[in-house]
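Asker: Input file: my_file13.cif. Contents: mmCIF, C-alpha atoms.
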data_query
loop_
_atom_site.label_atom_id
_atom_site.label_comp_id
_atom_site.auth_asym_id
_atom_site.auth_seq_id
_atom_site.Cartn_x
_atom_site.Cartn_y
_atom_site.Cartn_z
CA GLU A 3 10.74 -5.01 17.20
CA HIS A 4 11.47 -8.33 15.49
CA ALA A 5 15.11 -9.37 15.51
CA ALA A 6 15.04 -9.33 11.71
CA TRP A 7 15.10 -5.53 11.79
CA ALA A 8 17.94 -5.15 14.29
CA GLY A 9 20.41 -2.53 13.12
CA HIS A 10 17.91 -0.89 10.76
CA THR A 11 16.01 2.36 11.11
CA VAL A 12 12.35 1.40 10.63
CA LEU A 13 9.72 4.00 9.77
CA LEU A 14 6.12 2.87 10.32
CA VAL A 15 3.49 5.26 9.01
CA ASP A 16 -0.25 5.58 9.54
CA ARG A 17 -1.28 6.47 6.01
CA THR A 18 -3.62 9.39 5.39
CA ASN A 19 -7.20 8.22 6.11
CA CYS A 20 -5.91 5.33 8.24
CA GLY A 21 -5.11 4.78 11.92
CA SER A 22 -4.64 8.02 13.83
CA SER A 23 -3.74 10.13 10.80
CA ASP A 24 -5.87 12.94 9.41
CA VAL A 25 -8.33 12.31 6.60
CA ALA A 26 -7.88 14.13 3.31
CA TYR A 27 -9.71 13.39 0.08
CA ARG A 28 -8.55 15.68 -2.68
CA GLY A 29 -10.41 14.16 -5.61
CA GLY A 30 -7.86 11.67 -6.93
CA ALA A 31 -7.32 8.00 -6.21
CA GLU A 32 -6.58 7.51 -2.52
CA VAL A 33 -3.45 5.43 -3.09
CA ASP A 34 -1.80 8.17 -5.15
CA GLU A 35 -2.70 10.86 -2.63
CA GLN A 36 -1.27 8.67 0.14
CA ALA A 37 1.89 8.15 -1.92
CA ALA A 38 2.25 11.90 -2.40
CA ASP A 39 1.83 12.45 1.34
CA LEU A 40 4.46 9.81 2.11
CA ALA A 41 6.87 11.38 -0.37
CA GLU A 42 6.35 14.73 1.35
CA LEU A 43 7.12 13.12 4.72
CA LEU A 44 10.27 11.43 3.44
CA ASP A 45 11.42 14.69 1.88
CA ALA A 46 10.77 16.49 5.17
CA ILE A 47 12.96 14.10 7.18
CA ALA A 48 15.65 13.72 4.52
CA ALA A 49 18.18 15.79 6.46
CA ALA A 50 17.95 13.47 9.47
CA ALA A 51 17.18 10.26 7.56
CA PRO A 52 18.43 10.66 4.01
CA PRO A 53 17.09 8.46 1.22
CA PRO A 54 17.12 6.00 -0.36
CA TRP A 55 14.92 3.65 1.68
CA VAL A 56 14.08 0.00 1.34
CA PHE A 57 10.31 0.05 0.85
CA VAL A 58 8.44 -2.85 2.47
CA GLY A 59 4.72 -2.88 1.72
CA HIS A 60 1.98 -5.32 2.72
CA SER A 61 -1.15 -5.75 0.58
CA SER A 62 -2.45 -2.21 -0.14
CA GLY A 63 0.79 -0.87 1.36
CA GLY A 64 2.66 -2.68 -1.39
CA ARG A 65 0.43 -1.05 -3.98
CA LEU A 66 1.18 2.36 -2.47
CA LEU A 67 4.93 1.84 -2.24
CA GLY A 68 5.15 0.32 -5.70
CA ARG A 69 3.42 3.34 -7.20
CA LEU A 70 5.58 5.71 -5.15
CA ALA A 71 8.80 3.96 -6.23
CA ALA A 72 7.72 4.22 -9.86
CA ARG A 73 7.15 7.97 -9.52
CA ARG A 74 9.96 8.87 -7.11
CA PRO A 75 12.81 6.46 -7.81
CA ASP A 76 15.15 8.70 -5.86
CA LEU A 77 13.44 7.64 -2.64
CA ALA A 78 13.86 3.87 -2.95
CA CYS A 79 16.83 1.50 -3.17
CA GLY A 80 14.77 -1.69 -2.85
CA LEU A 81 11.15 -2.79 -2.92
CA ALA A 82 9.59 -5.66 -0.97
CA LEU A 83 5.98 -6.49 -1.83
CA LEU A 84 4.03 -8.85 0.44
CA ILE A 85 0.68 -10.52 -0.36
CA LEU A 86 -0.39 -8.25 -3.18
CA THR A 87 -3.94 -8.28 -4.52
CA GLY A 88 -4.92 -8.83 -8.12
CA GLY A 89 -7.61 -9.92 -10.51
CA PRO A 90 -11.30 -9.15 -11.03
CA ALA A 91 -12.49 -10.60 -7.71
CA ALA A 92 -10.03 -8.45 -5.78
CA ALA A 93 -10.79 -5.34 -7.84
CA ASP A 94 -14.51 -5.69 -7.19
CA GLY A 95 -14.24 -6.83 -3.56
CA ILE A 96 -11.72 -4.24 -2.42
CA GLY A 97 -13.40 -1.48 -4.38
CA ARG A 98 -16.67 -2.30 -2.67
CA GLN A 99 -15.23 -2.79 0.82
CA TYR A 100 -13.16 0.37 0.96
CA TYR A 101 -14.84 2.75 -1.44
CA THR A 102 -18.25 2.20 -3.01
CA ARG A 103 -19.73 0.97 0.28
CA HIS A 104 -18.68 4.19 2.02
CA ALA A 105 -19.95 6.24 -0.90
CA GLY A 106 -23.37 4.66 -0.45
CA VAL A 107 -23.43 5.59 3.23
CA ALA A 108 -22.25 9.16 2.54
CA ARG A 109 -25.24 9.74 0.28
CA GLY A 110 -27.16 9.95 3.55
CA GLY A 111 -24.87 12.74 4.77
CA MET A 112 -21.47 12.92 6.42
CA ASP A 113 -22.88 12.30 9.90
CA ALA A 114 -24.19 8.98 8.61
CA LEU A 115 -20.68 8.21 7.39
CA LEU A 116 -19.17 9.10 10.76
CA ALA A 117 -21.59 6.71 12.48
CA GLN A 118 -20.30 3.86 10.32
CA GLY A 119 -17.63 1.57 11.83
CA PHE A 120 -14.51 2.52 9.89
CA TYR A 121 -14.98 6.28 10.10
CA ALA A 122 -16.29 6.10 13.66
CA GLU A 123 -12.98 4.46 14.57
CA ARG A 124 -11.00 7.11 12.70
CA ALA A 125 -12.92 9.89 14.49
CA ALA A 126 -12.34 8.25 17.87
CA ALA A 127 -8.59 8.09 17.17
CA ASN A 128 -8.30 11.65 15.85
CA GLU A 129 -10.74 14.42 16.71
CA ARG A 130 -9.92 16.31 13.50
CA VAL A 131 -11.43 13.54 11.37
CA ALA A 132 -15.05 14.40 12.20
CA GLU A 133 -14.43 18.10 11.69
CA THR A 134 -12.82 17.49 8.29
CA LEU A 135 -15.52 15.14 7.03
CA ARG A 136 -18.39 17.33 8.19
CA ALA A 137 -16.85 20.23 6.28
CA MET A 138 -16.56 18.15 3.12
CA PRO A 139 -19.47 18.27 0.64
CA PRO A 140 -20.81 14.73 0.11
CA PRO A 141 -20.39 15.00 -3.71
CA ALA A 142 -16.65 15.64 -3.24
CA PHE A 143 -16.37 12.57 -1.01
CA LEU A 144 -18.32 10.49 -3.52
CA ALA A 145 -16.01 11.60 -6.33
CA ALA A 146 -12.96 10.58 -4.31
CA MET A 147 -14.44 7.14 -3.58
CA GLU A 148 -15.30 6.67 -7.24
CA ALA A 149 -11.78 7.63 -8.35
CA SER A 150 -10.24 5.11 -5.99
CA ALA A 151 -12.59 2.31 -6.99
CA ARG A 152 -11.99 3.12 -10.66
CA LEU A 153 -8.21 2.78 -10.28
CA LEU A 154 -8.72 -0.74 -8.93
CA SER A 155 -11.23 -1.68 -11.62
CA ASP A 156 -9.07 -0.31 -14.41
CA SER A 157 -6.10 -2.43 -13.29
CA ARG A 158 -7.93 -5.74 -12.89
CA ALA A 159 -6.00 -7.21 -15.83
CA GLU A 160 -2.60 -5.99 -14.62
CA PRO A 161 -0.25 -8.26 -12.63
CA ALA A 162 -1.52 -6.64 -9.40
CA LEU A 163 -4.08 -3.97 -8.63
CA GLY A 164 -2.60 -0.52 -9.17
CA LEU A 165 0.73 -1.94 -10.38
CA PRO A 166 0.87 -1.92 -14.19
CA ALA A 167 3.20 -4.34 -15.91
CA ALA A 168 5.05 -1.43 -17.53
CA ASP A 169 5.85 0.08 -14.12
CA LEU A 170 6.95 -3.28 -12.74
CA ARG A 171 9.28 -3.85 -15.71
CA ARG A 172 10.82 -0.42 -15.24
CA LEU A 173 11.22 -0.96 -11.50
CA GLY A 174 12.75 -4.38 -12.08
CA ASN A 175 15.40 -2.79 -14.28
CA THR A 176 16.39 -0.25 -11.65
CA LEU A 177 15.64 -1.72 -8.20
CA PRO A 178 16.11 -4.99 -6.34
CA ILE A 179 12.60 -6.39 -5.81
CA PHE A 180 11.37 -9.05 -3.40
CA VAL A 181 7.88 -10.51 -3.79
CA CYS A 182 6.33 -12.76 -1.16
CA ASN A 183 3.04 -14.53 -0.63
CA TYR A 184 2.89 -16.12 2.80
CA TYR A 185 -0.44 -17.81 2.18
CA GLY A 186 1.43 -20.25 -0.02
CA ASP A 187 -0.26 -22.17 -2.81
CA GLY A 188 -3.03 -23.49 -0.61
CA GLU A 189 -5.71 -21.54 1.21
CA HIS A 190 -6.11 -17.83 0.62
CA ASP A 191 -8.85 -15.22 0.79
CA GLY A 192 -9.44 -15.05 -2.96
CA MET A 193 -7.70 -11.69 -3.21
CA HIS A 194 -4.10 -12.15 -2.01
CA THR A 195 -3.27 -15.05 -4.30
CA ALA A 196 0.03 -16.73 -5.08
CA SER A 197 -0.76 -16.33 -8.78
CA THR A 198 -0.77 -12.55 -8.31
CA SER A 199 2.65 -12.65 -6.66
CA ARG A 200 3.97 -14.83 -9.48
CA ALA A 201 2.58 -12.44 -12.10
CA VAL A 202 4.23 -9.48 -10.37
CA ALA A 203 7.57 -11.28 -10.15
CA ALA A 204 7.37 -12.26 -13.82
CA ALA A 205 6.64 -8.69 -14.86
CA ALA A 206 9.49 -7.35 -12.71
CA GLY A 207 11.98 -9.63 -14.45
CA ALA A 208 14.50 -12.35 -13.74
CA SER A 209 16.31 -10.41 -11.00
CA CYS A 210 13.16 -10.31 -8.84
CA GLU A 211 13.26 -12.62 -5.83
CA LEU A 212 10.03 -14.59 -5.29
CA VAL A 213 9.08 -16.49 -2.13
CA ILE A 214 5.83 -18.46 -1.89
CA SER A 215 5.62 -20.10 1.52
CA LYS A 216 3.32 -20.29 4.53
CA ASP A 217 6.30 -21.07 6.76
CA VAL A 218 7.33 -17.95 8.67
CA GLN A 219 10.72 -19.57 9.19
CA VAL A 220 11.15 -19.42 5.43
CA TRP A 221 9.67 -16.15 4.25
CA LEU A 222 10.63 -13.84 7.14
CA PRO A 223 14.36 -14.70 7.07
CA ALA A 224 14.26 -14.31 3.28
CA LEU A 225 12.71 -10.86 3.66
CA ALA A 226 15.22 -9.88 6.34
CA ALA A 227 18.10 -11.08 4.16
CA PHE A 228 16.80 -9.02 1.25
CA VAL A 229 16.56 -5.87 3.38
CA GLY A 230 19.99 -6.49 4.87
CA ARG A 231 21.61 -7.15 1.49
CA VAL A 232 20.12 -4.07 -0.16
CA SER A 233 21.01 -1.89 2.83
CA ALA A 234 24.59 -3.13 2.83
CA GLU A 235 24.94 -2.40 -0.89
CA VAL A 236 23.72 1.17 -0.37
CA LEU A 237 26.09 1.75 2.54
CA ALA A 238 28.99 0.34 0.57
CA ALA A 239 28.31 2.51 -2.46
#
The structure given in the file should be rewritten as C-alpha cells.
Answerer:
Amino acid sequence: EHAAWAGHTVLLVDRTNCGSSDVAYRGGAEVDEQAADLAELLDAIAAAAPPPWVFVGHSSGGRLLGRLAARRPDLACGLALLILTGGPAAADGIGRQYYTRHAGVARGGMDALLAQGFYAERAAANERVAETLRAMPPPAFLAAMEASARLLSDSRAEPALGLPAADLRRLGNTLPIFVCNYYGDGEHDGMHTASTSRAVAAAAGASCELVISKDVQVWLPALAAFVGRVSAEVLAA
C-alpha cells in the first residue's frame, strides 16, 4: 500500500511451503519448485494480467525470481533484487536453518516435524499442510531438504546463492536489473552483505543499477523509480 506502488498492479504471493500456501516437496530444490509454481500461476492469470512483469524479490525471494527470470524470460521485463545472500557463511547458515535442521527433526517422524515451530505454524494456517506431510514418507522429505541445502552449498562461490554468474550475465544483457542492499556498508547479519550485492551487480554488467544505503529515503525512491521506468518502457513499446 506504499505510495511508491501507486498506479501499479502488485501481486504478492505466499510461496509454496510458506505462509498459508500448501506444502509440496517433489524431490528437487525448493527454490526451483517454487519458481515453477509461480510460473504456472502467472501463466494461469495471463489473460487478465498479461506478462511481462517487473519482478521484485527480497532475500530468498530474489533468488527465486532471479532463477525464474533466467528460465522464463518471457515473464519478466525487469528484475529488482533486494538484500541477496551469498558466501560460505550464508550457504551453511541458511541451509541449516531452513533445510538440514528440519531434516533432522523429520527423522523422528512427520508428527515430530509438525510439532516443530515452522511447520506447526504452516499447519495452523492451512489444514492441508498436516495431511500432506503425514502422507509423505520421511525419506522423500529428507531427500527434498538435502536437494535444497545442496543447491545453496554448490553456489557458495557464485555472486549470490542460487544465482550463477553466467545467469546474471545473461539476464544483464536482456533485462534492466536493480540491486539493493539496505543494510549499507555497516552492520549486517553476516548473510545479506553489501559485498554480495556488489558481486551480483558486477556480474550483471554495467547497465545494472546498484544502491547500497540504509536510508529508506534513498533506496525506496530508487526502487520505485526503477519499477516506474521499466513499466513505462513496456507500456510505450
Asker: Taking the file as shown, what set of residues would the PyMOL selection byres ((chain A and resi 78) around 10) give back, as a list in words?
Answerer: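 Against this file, the PyMOL selection byres ((chain A and resi 78) around 10) returns the residues Pro53, Pro54, Trp55, Val56, Phe57, Leu67, Gly68, Leu70, Ala71, Ala72, Arg74, Pro75, Asp76, Leu77, Cys79, Gly80, Leu81, Thr176, Leu177 and Pro178 of chain A.
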Asker: Given the file shown, enumerate the residues that the PyMOL selection byres ((chain A and resi 136) around 10) captures and present them as a list in words.
Answerer: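 That selection, the PyMOL selection byres ((chain A and resi 136) around 10), comes back as Gly111, Met112, Asp113, Leu115, Leu116, Val131, Ala132, Glu133, Thr134, Leu135, Ala137, Met138, Pro139 and Pro140 of chain A.
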Asker: Excluding same-chain residues fewer than 3 positions from segment 151-163 of chain A, what lies within 8 Å of it counting only C-alpha atoms, as a ChimeraX atom specification?
Answerer: /A:31,65,86-90,92-94,96-98,101-102,147-148,166-167,198-199,201-202,205
Asker: Listed atoms of segment 101-110 of chain A, axis-aligned box, 4 Å per side: centre and edge lengths to one decimal in Å, as lines of an AutoDock Vina configuration file?
Answerer:
center_x = -21.0
center_y = 5.5
center_z = 0.3
size_x = 20.3
size_y = 17.0
size_z = 14.6
Asker: Which value, in Å to one decimal, gives the distance between atom CA of Val232 of chain A and atom CA of Leu165 of chain A?
Answerer: 22.0 Å
Asker: Counting all atoms listed in the file, which of A:Ala41, A:Ala146, A:Arg109, A:Ala82 gets nearest to Val25 of chain A?
Answerer: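 The answer is A:Ala146, which sits nearest to Val25 of chain A.
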Asker: Report, in Å to a single decimal, how far apart atom CA of His104 of chain A and atom CA of Leu144 of chain A are.
Answerer: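 Answer for the atom CA of Leu144 of chain A to atom CA of His104 of chain A separation: 8.4 Å.
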Asker: Quick one, how far is atom CA of Val12 of chain A from atom CA of Ser150 of chain A?
Answerer: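 Those two atoms sit 28.3 Å apart.
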Asker: Within 12 Å of Gln36 of chain A, counting all atoms listed in the file, which residues qualify if same-chain residues fewer than 3 places away don't, as a ChimeraX atom specification?
Answerer: /A:15-20,23-28,30-33,39-43,62-63,65-67,69-70,150
Asker: Which residues of segment 177-203 of chain A come within 9 Å of segment 207-231 of chain A, and what is each one's closest atom pair and distance in Å (one decimal), counting all atoms listed in the file, sorted by chain and residue number, as JSON lines?
Answerer:
{"residue": "A:Leu177", "atom": "CA", "partner": "A:Cys210", "partner_atom": "CA", "distance": 9.0}
{"residue": "A:Pro178", "atom": "CA", "partner": "A:Cys210", "partner_atom": "CA", "distance": 6.6}
{"residue": "A:Ile179", "atom": "CA", "partner": "A:Cys210", "partner_atom": "CA", "distance": 5.0}
{"residue": "A:Phe180", "atom": "CA", "partner": "A:Glu211", "partner_atom": "CA", "distance": 4.7}
{"residue": "A:Val181", "atom": "CA", "partner": "A:Leu212", "partner_atom": "CA", "distance": 4.8}
{"residue": "A:Cys182", "atom": "CA", "partner": "A:Val213", "partner_atom": "CA", "distance": 4.7}
{"residue": "A:Asn183", "atom": "CA", "partner": "A:Ile214", "partner_atom": "CA", "distance": 5.0}
{"residue": "A:Tyr184", "atom": "CA", "partner": "A:Lys216", "partner_atom": "CA", "distance": 4.5}
{"residue": "A:Tyr185", "atom": "CA", "partner": "A:Lys216", "partner_atom": "CA", "distance": 5.1}
{"residue": "A:Gly186", "atom": "CA", "partner": "A:Ser215", "partner_atom": "CA", "distance": 4.5}
{"residue": "A:Asp187", "atom": "CA", "partner": "A:Ile214", "partner_atom": "CA", "distance": 7.2}
{"residue": "A:Gly188", "atom": "CA", "partner": "A:Lys216", "partner_atom": "CA", "distance": 8.8}
{"residue": "A:Ala196", "atom": "CA", "partner": "A:Ile214", "partner_atom": "CA", "distance": 6.8}
{"residue": "A:Ser199", "atom": "CA", "partner": "A:Leu212", "partner_atom": "CA", "distance": 7.8}
{"residue": "A:Arg200", "atom": "CA", "partner": "A:Leu212", "partner_atom": "CA", "distance": 7.4}
{"residue": "A:Val202", "atom": "CA", "partner": "A:Gly207", "partner_atom": "CA", "distance": 8.8}
{"residue": "A:Ala203", "atom": "CA", "partner": "A:Cys210", "partner_atom": "CA", "distance": 5.8}
Asker: May I ask which of the residues A:Ala168, A:Ala108, A:Leu237, A:Ala114 is the closest one to Pro141 of chain A, counting all atoms listed in the file?
Answerer: A:Ala108
Asker: Is it possible to add all heavy atoms to segment 16-27 of chain A and hand it back as a compact mmCIF listing (two decimals), in the coordinates of the input?
Answerer:
# COMPACT_ATOMS: atom_id res chain seq x y z
N ASP A 16 1.19 5.64 9.73
CA ASP A 16 -0.25 5.58 9.54
C ASP A 16 -0.57 6.41 8.30
O ASP A 16 -0.43 7.63 8.30
CB ASP A 16 -1.00 6.17 10.75
CG ASP A 16 -1.23 5.16 11.85
OD1 ASP A 16 -1.01 3.97 11.62
OD2 ASP A 16 -1.62 5.58 12.96
N ARG A 17 -0.99 5.74 7.23
CA ARG A 17 -1.28 6.47 6.01
C ARG A 17 -2.43 7.46 6.22
O ARG A 17 -3.27 7.28 7.09
CB ARG A 17 -1.67 5.48 4.90
CG ARG A 17 -0.55 4.60 4.45
CD ARG A 17 -1.07 3.51 3.52
NE ARG A 17 -1.79 2.48 4.25
CZ ARG A 17 -2.53 1.54 3.68
NH1 ARG A 17 -2.68 1.54 2.37
NH2 ARG A 17 -3.13 0.63 4.41
N THR A 18 -2.47 8.49 5.39
CA THR A 18 -3.62 9.39 5.39
C THR A 18 -4.89 8.56 5.27
O THR A 18 -4.96 7.61 4.49
CB THR A 18 -3.53 10.35 4.19
OG1 THR A 18 -2.24 10.94 4.16
CG2 THR A 18 -4.59 11.44 4.29
N ASN A 19 -5.89 8.90 6.06
CA ASN A 19 -7.20 8.22 6.11
C ASN A 19 -7.15 6.89 6.86
O ASN A 19 -8.14 6.14 6.85
CB ASN A 19 -7.77 7.97 4.70
CG ASN A 19 -7.78 9.21 3.84
OD1 ASN A 19 -7.96 10.31 4.34
ND2 ASN A 19 -7.56 9.05 2.55
N CYS A 20 -6.04 6.59 7.50
CA CYS A 20 -5.91 5.33 8.24
C CYS A 20 -5.38 5.60 9.65
O CYS A 20 -4.73 6.62 9.90
CB CYS A 20 -4.94 4.37 7.54
SG CYS A 20 -5.47 3.87 5.89
N GLY A 21 -5.66 4.67 10.57
CA GLY A 21 -5.11 4.78 11.92
C GLY A 21 -5.46 6.10 12.57
O GLY A 21 -6.60 6.55 12.55
N SER A 22 -4.44 6.75 13.13
CA SER A 22 -4.64 8.02 13.83
C SER A 22 -4.36 9.24 12.95
O SER A 22 -4.40 10.37 13.44
CB SER A 22 -3.74 8.07 15.07
OG SER A 22 -4.06 7.04 15.97
N SER A 23 -4.06 9.01 11.68
CA SER A 23 -3.74 10.13 10.80
C SER A 23 -4.99 10.92 10.43
O SER A 23 -6.13 10.46 10.60
CB SER A 23 -3.06 9.62 9.52
OG SER A 23 -1.75 9.18 9.80
N ASP A 24 -4.76 12.13 9.90
CA ASP A 24 -5.87 12.94 9.41
C ASP A 24 -6.50 12.31 8.17
O ASP A 24 -5.88 11.46 7.51
CB ASP A 24 -5.37 14.34 9.04
CG ASP A 24 -4.98 15.17 10.26
OD1 ASP A 24 -5.29 14.76 11.39
OD2 ASP A 24 -4.35 16.22 10.06
N VAL A 25 -7.71 12.70 7.87
CA VAL A 25 -8.33 12.31 6.60
C VAL A 25 -8.17 13.47 5.63
O VAL A 25 -8.19 14.64 6.01
CB VAL A 25 -9.82 11.93 6.75
CG1 VAL A 25 -9.96 10.70 7.64
CG2 VAL A 25 -10.63 13.09 7.30
N ALA A 26 -8.00 13.11 4.37
CA ALA A 26 -7.88 14.13 3.31
C ALA A 26 -8.24 13.45 2.00
O ALA A 26 -7.55 12.52 1.57
CB ALA A 26 -6.48 14.70 3.26
N TYR A 27 -9.31 13.89 1.39
CA TYR A 27 -9.71 13.39 0.08
C TYR A 27 -9.70 14.57 -0.87
O TYR A 27 -10.49 15.49 -0.75
CB TYR A 27 -11.10 12.75 0.15
CG TYR A 27 -11.15 11.54 1.04
CD1 TYR A 27 -11.72 11.60 2.30
CD2 TYR A 27 -10.60 10.33 0.62
CE1 TYR A 27 -11.77 10.49 3.13
CE2 TYR A 27 -10.64 9.20 1.43
CZ TYR A 27 -11.22 9.29 2.68
OH TYR A 27 -11.26 8.18 3.51
